[in-house]
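Structure file target.tsv with TSV, C-alpha atoms and all ligand atoms:
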```tsv
chain	number	residue	atom	x	y	z
A	1	MET	CA	-24.76	-21.71	-7.63
A	2	GLU	CA	-26.36	-20.09	-10.71
A	3	THR	CA	-27.59	-16.52	-10.18
A	4	LEU	CA	-31.21	-17.54	-10.65
A	5	SER	CA	-31.11	-20.51	-8.30
A	6	ARG	CA	-29.21	-18.44	-5.69
A	7	GLN	CA	-31.97	-15.86	-5.85
A	8	THR	CA	-34.61	-18.57	-5.47
A	9	PHE	CA	-32.65	-20.00	-2.54
A	10	TYR	CA	-32.49	-16.63	-0.75
A	11	GLU	CA	-36.16	-16.04	-1.38
A	12	SER	CA	-37.16	-19.36	0.11
A	13	VAL	CA	-34.90	-18.78	3.15
A	14	ARG	CA	-36.46	-15.34	3.62
A	15	GLU	CA	-39.92	-16.87	3.29
A	16	TYR	CA	-39.04	-19.57	5.82
A	17	LEU	CA	-37.73	-16.98	8.32
A	18	ARG	CA	-40.89	-14.93	7.85
A	19	GLU	CA	-42.99	-18.00	8.59
A	20	LEU	CA	-40.95	-18.74	11.70
A	21	ALA	CA	-41.29	-15.15	12.89
A	22	GLU	CA	-45.02	-15.27	12.32
A	23	SER	CA	-45.27	-18.44	14.37
A	24	GLY	CA	-43.55	-16.63	17.24
A	25	ILE	CA	-40.02	-18.06	16.86
A	26	ASP	CA	-37.57	-15.17	16.96
A	27	GLY	CA	-34.25	-16.94	17.45
A	28	LEU	CA	-32.39	-20.19	17.10
A	29	PRO	CA	-31.76	-22.54	20.02
A	30	GLU	CA	-28.35	-21.90	21.63
A	31	SER	CA	-25.53	-24.25	20.69
A	32	ASP	CA	-23.79	-26.06	23.55
A	33	GLU	CA	-20.80	-23.75	23.03
A	34	THR	CA	-22.93	-20.61	23.37
A	35	LYS	CA	-24.67	-22.08	26.39
A	36	GLU	CA	-21.33	-22.80	28.04
A	37	LYS	CA	-20.16	-19.27	27.25
A	38	ASN	CA	-23.32	-17.79	28.75
A	39	ILE	CA	-22.97	-19.91	31.86
A	40	ASN	CA	-19.37	-18.75	32.21
A	41	THR	CA	-20.29	-15.14	31.64
A	42	ASP	CA	-23.08	-15.45	34.23
A	43	LEU	CA	-20.60	-16.96	36.63
A	44	PHE	CA	-18.20	-14.11	35.99
A	45	ASN	CA	-20.94	-11.52	36.52
A	46	ALA	CA	-21.99	-13.27	39.69
A	47	GLN	CA	-18.41	-13.29	40.96
A	48	MET	CA	-18.01	-9.60	40.19
A	49	ARG	CA	-21.37	-8.77	41.83
A	50	THR	CA	-20.34	-10.23	45.17
A	51	SER	CA	-19.48	-6.72	46.30
A	52	ASP	CA	-21.44	-3.59	45.45
A	53	SER	CA	-18.60	-1.81	43.70
A	54	PRO	CA	-16.01	-3.15	41.25
A	55	PRO	CA	-12.56	-3.92	42.73
A	56	GLU	CA	-10.54	-0.73	43.19
A	57	THR	CA	-7.11	-2.28	43.50
A	58	LEU	CA	-5.27	-4.98	41.62
A	59	GLU	CA	-4.94	-6.88	44.87
A	60	SER	CA	-8.71	-6.92	45.42
A	61	LEU	CA	-9.33	-7.90	41.79
A	62	ARG	CA	-6.81	-10.74	42.16
A	63	GLN	CA	-8.60	-11.91	45.31
A	64	LYS	CA	-11.92	-11.79	43.56
A	65	ILE	CA	-10.62	-13.90	40.65
A	66	GLY	CA	-9.40	-16.44	43.21
A	67	ASP	CA	-9.08	-19.98	41.92
A	68	CYS	CA	-10.94	-19.13	38.70
A	69	LYS	CA	-12.72	-21.99	36.95
A	70	LEU	CA	-14.53	-20.00	34.27
A	71	CYS	CA	-12.96	-22.03	31.47
A	72	THR	CA	-11.30	-25.38	30.93
A	73	LEU	CA	-7.77	-23.90	31.05
A	74	SER	CA	-8.11	-23.95	34.84
A	75	SER	CA	-7.75	-27.73	34.81
A	76	SER	CA	-4.38	-27.74	33.03
A	77	ARG	CA	-2.75	-24.63	34.52
A	78	LYS	CA	-0.07	-24.74	37.21
A	79	ASN	CA	-0.51	-21.08	38.10
A	80	LEU	CA	-2.90	-18.35	37.12
A	81	VAL	CA	-0.74	-15.55	35.69
A	82	PHE	CA	-2.51	-12.38	36.77
A	83	GLY	CA	0.01	-9.69	35.82
A	84	ALA	CA	3.08	-7.96	37.21
A	85	GLY	CA	4.41	-4.47	37.69
A	86	ASN	CA	3.28	-1.10	38.91
A	87	GLU	CA	-0.36	-0.40	39.76
A	88	LYS	CA	0.26	3.26	38.93
A	89	ALA	CA	2.03	2.53	35.63
A	90	ARG	CA	1.81	5.11	32.86
A	91	LEU	CA	2.36	2.32	30.36
A	92	VAL	CA	0.81	-1.16	30.17
A	93	PHE	CA	1.91	-4.01	27.87
A	94	VAL	CA	-0.73	-6.60	27.04
A	95	GLY	CA	0.26	-10.00	25.64
A	96	GLU	CA	-1.69	-13.05	24.59
A	97	ALA	CA	-1.44	-15.82	27.18
A	98	PRO	CA	1.15	-17.37	29.49
A	99	GLY	CA	3.55	-19.94	28.08
A	100	ALA	CA	5.21	-22.81	29.91
A	101	ASP	CA	7.70	-20.66	31.87
A	102	GLU	CA	5.03	-18.17	32.87
A	103	ASP	CA	2.68	-20.98	33.91
A	104	ARG	CA	5.44	-22.46	36.09
A	105	GLN	CA	6.40	-19.17	37.74
A	106	GLY	CA	3.05	-17.36	37.76
A	107	ILE	CA	4.68	-14.25	36.23
A	108	PRO	CA	4.03	-12.90	32.71
A	109	PHE	CA	6.75	-12.78	30.05
A	110	VAL	CA	9.58	-14.56	31.86
A	111	GLY	CA	10.48	-17.04	29.10
A	112	GLU	CA	12.39	-16.43	25.88
A	113	ALA	CA	9.78	-14.02	24.49
A	114	GLY	CA	9.83	-12.34	27.90
A	115	GLY	CA	13.57	-11.75	27.46
A	116	ILE	CA	12.84	-9.82	24.27
A	117	LEU	CA	10.06	-7.82	25.92
A	118	THR	CA	12.35	-6.96	28.85
A	119	ARG	CA	14.95	-5.68	26.36
A	120	ILE	CA	12.31	-3.53	24.64
A	121	ILE	CA	11.22	-2.13	28.01
A	122	ARG	CA	14.83	-1.29	28.94
A	123	ALA	CA	15.50	0.20	25.51
A	124	ILE	CA	12.74	2.75	26.10
A	125	GLY	CA	14.16	3.67	29.48
A	126	PHE	CA	11.87	1.73	31.86
A	127	THR	CA	12.31	-1.16	34.25
A	128	ARG	CA	9.70	-3.90	34.54
A	129	ASP	CA	8.75	-2.53	37.97
A	130	GLU	CA	7.80	0.84	36.51
A	131	ILE	CA	5.35	-0.44	33.93
A	132	TYR	CA	2.64	-3.13	34.05
A	133	ILE	CA	2.57	-6.38	32.06
A	134	CYS	CA	-0.38	-8.73	31.67
A	135	ASN	CA	-2.12	-10.95	29.16
A	136	VAL	CA	-5.57	-11.41	27.66
A	137	LEU	CA	-5.70	-14.97	29.03
A	138	LYS	CA	-4.53	-15.54	32.58
A	139	CYS	CA	-3.98	-19.28	32.09
A	140	ARG	CA	-1.79	-21.19	29.68
A	141	PRO	CA	-3.49	-22.84	26.70
A	142	PRO	CA	-2.19	-26.42	26.34
A	143	ALA	CA	0.88	-26.65	24.07
A	144	ASN	CA	0.68	-22.85	23.62
A	145	ARG	CA	-2.18	-23.18	21.14
A	146	ASN	CA	-4.08	-20.06	20.12
A	147	PRO	CA	-6.69	-18.85	22.61
A	148	HIS	CA	-10.24	-20.01	21.87
A	149	LYS	CA	-12.91	-17.36	21.56
A	150	GLU	CA	-14.86	-18.63	24.60
A	151	GLU	CA	-11.65	-18.39	26.66
A	152	ILE	CA	-11.16	-14.80	25.54
A	153	ALA	CA	-14.82	-14.07	26.30
A	154	SER	CA	-14.59	-15.38	29.86
A	155	CYS	CA	-11.12	-14.02	30.68
A	156	SER	CA	-10.97	-10.62	28.98
A	157	PRO	CA	-13.23	-8.93	31.58
A	158	PHE	CA	-10.34	-9.39	34.04
A	159	LEU	CA	-8.02	-7.54	31.67
A	160	ILE	CA	-10.60	-4.79	31.24
A	161	GLN	CA	-10.82	-4.39	35.01
A	162	GLN	CA	-7.02	-4.30	35.33
A	163	LEU	CA	-6.95	-1.45	32.81
A	164	GLU	CA	-9.77	0.34	34.63
A	165	ILE	CA	-7.82	0.15	37.89
A	166	ILE	CA	-4.43	1.17	36.46
A	167	LYS	CA	-5.75	3.84	34.08
A	168	PRO	CA	-2.54	3.94	32.04
A	169	GLU	CA	-1.72	6.82	29.74
A	170	VAL	CA	-0.73	4.43	26.96
A	171	ILE	CA	-1.39	0.74	26.22
A	172	VAL	CA	0.85	-1.38	24.01
A	173	THR	CA	-0.77	-4.54	22.68
A	174	LEU	CA	1.61	-7.31	21.69
A	175	GLY	CA	0.45	-9.26	18.65
A	176	THR	CA	-2.84	-10.21	17.10
A	177	PHE	CA	-4.92	-11.51	20.02
A	178	ALA	CA	-4.34	-8.67	22.46
A	179	THR	CA	-4.83	-6.08	19.73
A	180	GLN	CA	-7.96	-7.61	18.24
A	181	THR	CA	-9.47	-8.21	21.68
A	182	LEU	CA	-9.04	-4.65	22.96
A	183	LEU	CA	-9.89	-2.97	19.67
A	184	ASN	CA	-12.74	-5.37	18.96
A	185	THR	CA	-11.63	-5.90	15.38
A	186	LYS	CA	-10.57	-8.69	13.05
A	187	GLU	CA	-7.97	-6.56	11.20
A	188	PRO	CA	-4.54	-8.19	11.03
A	189	ILE	CA	-1.77	-6.83	13.25
A	190	SER	CA	0.29	-5.90	10.19
A	191	ARG	CA	-2.42	-3.36	9.27
A	192	LEU	CA	-3.03	-2.11	12.81
A	193	ARG	CA	0.51	-1.59	14.10
A	194	GLY	CA	2.47	1.59	13.63
A	195	LYS	CA	-0.32	3.98	14.55
A	196	PHE	CA	-2.31	4.85	17.64
A	197	HIS	CA	-5.86	3.61	18.13
A	198	LEU	CA	-8.13	4.43	21.04
A	199	TYR	CA	-9.23	2.06	23.78
A	200	HIS	CA	-11.91	3.89	25.80
A	201	GLY	CA	-10.06	7.13	25.20
A	202	ILE	CA	-6.61	5.67	26.02
A	203	PRO	CA	-4.08	5.72	23.16
A	204	LEU	CA	-3.29	2.12	22.21
A	205	MET	CA	-0.29	1.17	20.10
A	206	PRO	CA	-0.36	-2.33	18.58
A	207	THR	CA	3.03	-3.85	17.86
A	208	PHE	CA	4.48	-7.22	16.94
A	209	HIS	CA	4.52	-9.92	19.60
A	210	PRO	CA	8.01	-10.75	20.95
A	211	SER	CA	7.43	-14.42	19.94
A	212	PHE	CA	6.94	-13.24	16.37
A	213	LEU	CA	10.28	-11.39	16.59
A	214	LEU	CA	11.87	-14.59	17.91
A	215	ARG	CA	10.44	-16.67	15.07
A	216	ASN	CA	11.72	-14.12	12.56
A	217	LYS	CA	15.13	-13.44	14.08
A	218	GLY	CA	16.69	-13.02	10.66
A	219	ASN	CA	14.38	-10.18	9.68
A	220	LYS	CA	15.73	-7.08	11.39
A	221	GLN	CA	13.04	-4.92	9.78
A	222	TYR	CA	10.47	-6.28	12.27
A	223	TYR	CA	12.69	-5.12	15.16
A	224	TRP	CA	12.89	-1.66	13.60
A	225	ASP	CA	9.13	-1.63	13.16
A	226	VAL	CA	8.73	-2.33	16.88
A	227	TRP	CA	11.29	0.35	17.69
A	228	SER	CA	9.43	2.92	15.62
A	229	ASP	CA	6.20	1.97	17.45
A	230	MET	CA	8.02	2.46	20.78
A	231	VAL	CA	9.34	5.86	19.66
A	232	GLN	CA	5.74	6.95	19.13
A	233	VAL	CA	4.85	5.62	22.60
A	234	LEU	CA	7.67	7.65	24.18
A	235	GLN	CA	6.58	10.76	22.31
A	236	LYS	CA	3.00	10.25	23.49
A	237	LEU	CA	4.30	10.04	27.06
A	238	ASN	CA	6.42	13.17	26.54
A	239	LEU	CA	9.58	11.21	27.28
A	240	PRO	CA	12.95	11.56	25.57
A	241	VAL	CA	13.69	9.15	22.74
A	242	PRO	CA	17.06	7.38	23.15
A	243	GLU	CA	19.28	7.38	20.07
A	244	LYS	CA	19.31	4.12	18.22
A	245	ASN	CA	20.82	3.58	14.83
A	246	GLN	CA	19.98	0.86	12.37
A	247	GLY	CA	22.88	-1.58	12.60
A	248	GLN	CA	22.85	-1.55	16.40
A	249	GLY	CA	21.31	-4.80	17.71
B	1	LIG	N1	3.60	-14.75	25.51
B	1	LIG	C1	2.57	-14.00	25.98
B	1	LIG	O1	1.74	-13.52	25.21
B	1	LIG	N2	2.49	-13.78	27.27
B	1	LIG	C2	3.38	-14.26	28.14
B	1	LIG	O2	3.22	-14.00	29.32
B	1	LIG	C3	4.44	-15.02	27.64
B	1	LIG	C4	4.54	-15.26	26.32
```

Show me, as structure tokens, the structure contained in the file I just sent.
Ligand code: URA
Amino acid sequence: METLSRQTFYESVREYLRELAESGIDGLPESDETKEKNINTDLFNAQMRTSDSPPETLESLRQKIGDCKLCTLSSSRKNLVFGAGNEKARLVFVGEAPGADEDRQGIPFVGEAGGILTRIIRAIGFTRDEIYICNVLKCRPPANRNPHKEEIASCSPFLIQQLEIIKPEVIVTLGTFATQTLLNTKEPISRLRGKFHLYHGIPLMPTFHPSFLLRNKGNKQYYWDVWSDMVQVLQKLNLPVPEKNQGQG
């Protein structure tokens, strides 16, 4: 578009919006997608309002979520994957969404990527029972596709409540979706990882997703990047850092 005609275009749009505003129209009709999202959000709020106070334990939150039907993933899931580990964990890992193995077993990170995460957890001196692991989405997206934004919108309040109940000292987000959801940003993981951010006052360390490490097995640098992120996590928790030399697997 030529500069002049672009200017004319903007002016006529502005004029049109002014006319609409003057005639009392102050918004556009909702798209079906937005409507569906609002209905789901209303449903979620209604579910959470059924008691006067928010759930105080993971068990009561899980009961409240019940047989969730807030989004279409409920129709293809085998199991809702709520989360696993210690309610009093100092450290919480947040992934993206269950895969096929997790969907089958109802437990987060039990497939191949889960094997890598378990190794990371052991390498920093924890067992899976000492920390807490969950995902942004509690149900598996078909064929492991990326989460849709309406799915994140309806499911992420559950994650937020899990974090409110656990009150961890540090959160580690695994990959783009968990990081962008909790930090409410569109920045790529490559720019966000390696330094602490704050999630409601809790230090949050973004790092690469174990599936990314699996897909890039040949690139050992990514493993070292994750290790250096974990070293910072240990330091934040005032825990000793185990020796690890480049060259060790
Ligand atoms: N990937 C995830 O993000 N979460 C899981 O639970 C498994 C694989």

Enumerate as a compact mmCIF listing (two decimals) with C-alpha atoms, in the frame of the given file the residues within 12 Å of ligand LIG 1 (chain B), counting all atoms listed in the file.
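Once everything was written out, this is out-v3.txt:
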```
# COMPACT_ATOMS: atom_id res chain seq x y z
CA ASN A 79 -0.51 -21.08 38.10
CA LEU A 80 -2.90 -18.35 37.12
CA VAL A 81 -0.74 -15.55 35.69
CA PHE A 82 -2.51 -12.38 36.77
CA GLY A 83 0.01 -9.69 35.82
CA ALA A 84 3.08 -7.96 37.21
CA PHE A 93 1.91 -4.01 27.87
CA VAL A 94 -0.73 -6.60 27.04
CA GLY A 95 0.26 -10.00 25.64
CA GLU A 96 -1.69 -13.05 24.59
CA ALA A 97 -1.44 -15.82 27.18
CA PRO A 98 1.15 -17.37 29.49
CA GLY A 99 3.55 -19.94 28.08
CA ALA A 100 5.21 -22.81 29.91
CA ASP A 101 7.70 -20.66 31.87
CA GLU A 102 5.03 -18.17 32.87
CA ASP A 103 2.68 -20.98 33.91
CA ARG A 104 5.44 -22.46 36.09
CA GLN A 105 6.40 -19.17 37.74
CA GLY A 106 3.05 -17.36 37.76
CA ILE A 107 4.68 -14.25 36.23
CA PRO A 108 4.03 -12.90 32.71
CA PHE A 109 6.75 -12.78 30.05
CA VAL A 110 9.58 -14.56 31.86
CA GLY A 111 10.48 -17.04 29.10
CA GLU A 112 12.39 -16.43 25.88
CA ALA A 113 9.78 -14.02 24.49
CA GLY A 114 9.83 -12.34 27.90
CA GLY A 115 13.57 -11.75 27.46
CA ILE A 116 12.84 -9.82 24.27
CA LEU A 117 10.06 -7.82 25.92
CA THR A 118 12.35 -6.96 28.85
CA TYR A 132 2.64 -3.13 34.05
CA ILE A 133 2.57 -6.38 32.06
CA CYS A 134 -0.38 -8.73 31.67
CA ASN A 135 -2.12 -10.95 29.16
CA VAL A 136 -5.57 -11.41 27.66
CA LEU A 137 -5.70 -14.97 29.03
CA LYS A 138 -4.53 -15.54 32.58
CA CYS A 139 -3.98 -19.28 32.09
CA ARG A 140 -1.79 -21.19 29.68
CA PRO A 141 -3.49 -22.84 26.70
CA ASN A 144 0.68 -22.85 23.62
CA ARG A 145 -2.18 -23.18 21.14
CA ASN A 146 -4.08 -20.06 20.12
CA PRO A 147 -6.69 -18.85 22.61
CA THR A 173 -0.77 -4.54 22.68
CA LEU A 174 1.61 -7.31 21.69
CA GLY A 175 0.45 -9.26 18.65
CA THR A 176 -2.84 -10.21 17.10
CA PHE A 177 -4.92 -11.51 20.02
CA ALA A 178 -4.34 -8.67 22.46
CA THR A 179 -4.83 -6.08 19.73
CA PHE A 208 4.48 -7.22 16.94
CA HIS A 209 4.52 -9.92 19.60
CA PRO A 210 8.01 -10.75 20.95
CA SER A 211 7.43 -14.42 19.94
CA PHE A 212 6.94 -13.24 16.37
CA LEU A 213 10.28 -11.39 16.59
CA LEU A 214 11.87 -14.59 17.91
```

Identify, on the basis of all atoms listed in the file, every residue whose closest approach to Arg62 (chain A) does not exceed 9 Å; exclude the query and any residue fewer than 4 positions from it along the same chain; express the result as an mmCIF file with C-alpha atoms, in the coordinates of the input.
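Output below, filename out.cif:
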```cif
data_model
loop_
_atom_site.group_PDB
_atom_site.id
_atom_site.type_symbol
_atom_site.label_atom_id
_atom_site.label_comp_id
_atom_site.auth_asym_id
_atom_site.auth_seq_id
_atom_site.Cartn_x
_atom_site.Cartn_y
_atom_site.Cartn_z
ATOM 1 C CA PRO A 55 -12.560 -3.920 42.730
ATOM 2 C CA THR A 57 -7.110 -2.280 43.500
ATOM 3 C CA LEU A 58 -5.270 -4.980 41.620
ATOM 4 C CA GLY A 66 -9.400 -16.440 43.210
ATOM 5 C CA PHE A 82 -2.510 -12.380 36.770
ATOM 6 C CA PHE A 158 -10.340 -9.390 34.040
#
```

Let me make sure I understand: among A:Pro240, A:Pro142, A:Gly201, A:Pro188, which one has the smallest atom-to-atom distance to Pro168 (chain A) if we use all atoms listed in the file?
A:Gly201

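Residue nearest Leu91 (chain A), chosen from A:Gln180, A:Thr127, A:Asn219, A:Gln63 and counting all atoms listed in the file: A:Thr127.
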
If we draw a sphere of 12 Å around (-10.8, -2.5, 33.5), which residues have at least one atom in it when counting all atoms listed in the file? Please report them as a PyMOL selection string.
chain A and resi 54-58+61+136+155-168+182+199-200+202

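Minimum atom-to-atom distances from A:Lys78, A:Lys236, A:Lys186, A:His148 to Glu169 (chain A) were compared using all atoms listed in the file, and the lowest value belongs to A:Lys236.
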
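Atom pair CA of Ile189 (chain A) / CA of Pro242 (chain A) has a distance of 25.6 Å (rounded to one decimal).
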
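Closest to Val231 (chain A) among A:Ala89, A:Ala123, A:Cys71, A:Ala153 is A:Ala123, based on all atoms listed in the file.
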
Report, as lines of an AutoDock Vina configuration file, the centre and edge lengths in Å (one decimal) of the axis-aligned box enclosing every listed atom of region 147-156 of chain A, padded by 3 Å on each side.
```
center_x = -10.8
center_y = -15.3
center_z = 26.1
size_x = 14.2
size_y = 15.4
size_z = 15.1
```

Residue with the minimum atom-to-atom distance to Trp227 (chain A), picked from A:Arg122, A:Arg128, A:His197, A:Lys149 with all atoms listed in the file counted, is A:Arg122

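In terms of minimum interatomic distance to Ile121 (chain A), A:Met230 ranks closest within A:Arg77, A:Ser53, A:Met230, A:Lys244, counting only C-alpha atoms.
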
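One distance worth recording is that between CA of Val170 (chain A) and CA of Leu204 (chain A), which is 5.9 Å.
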
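Across the model, the gap from CA of Ile171 (chain A) to CA of Pro203 (chain A) is 6.4 Å.
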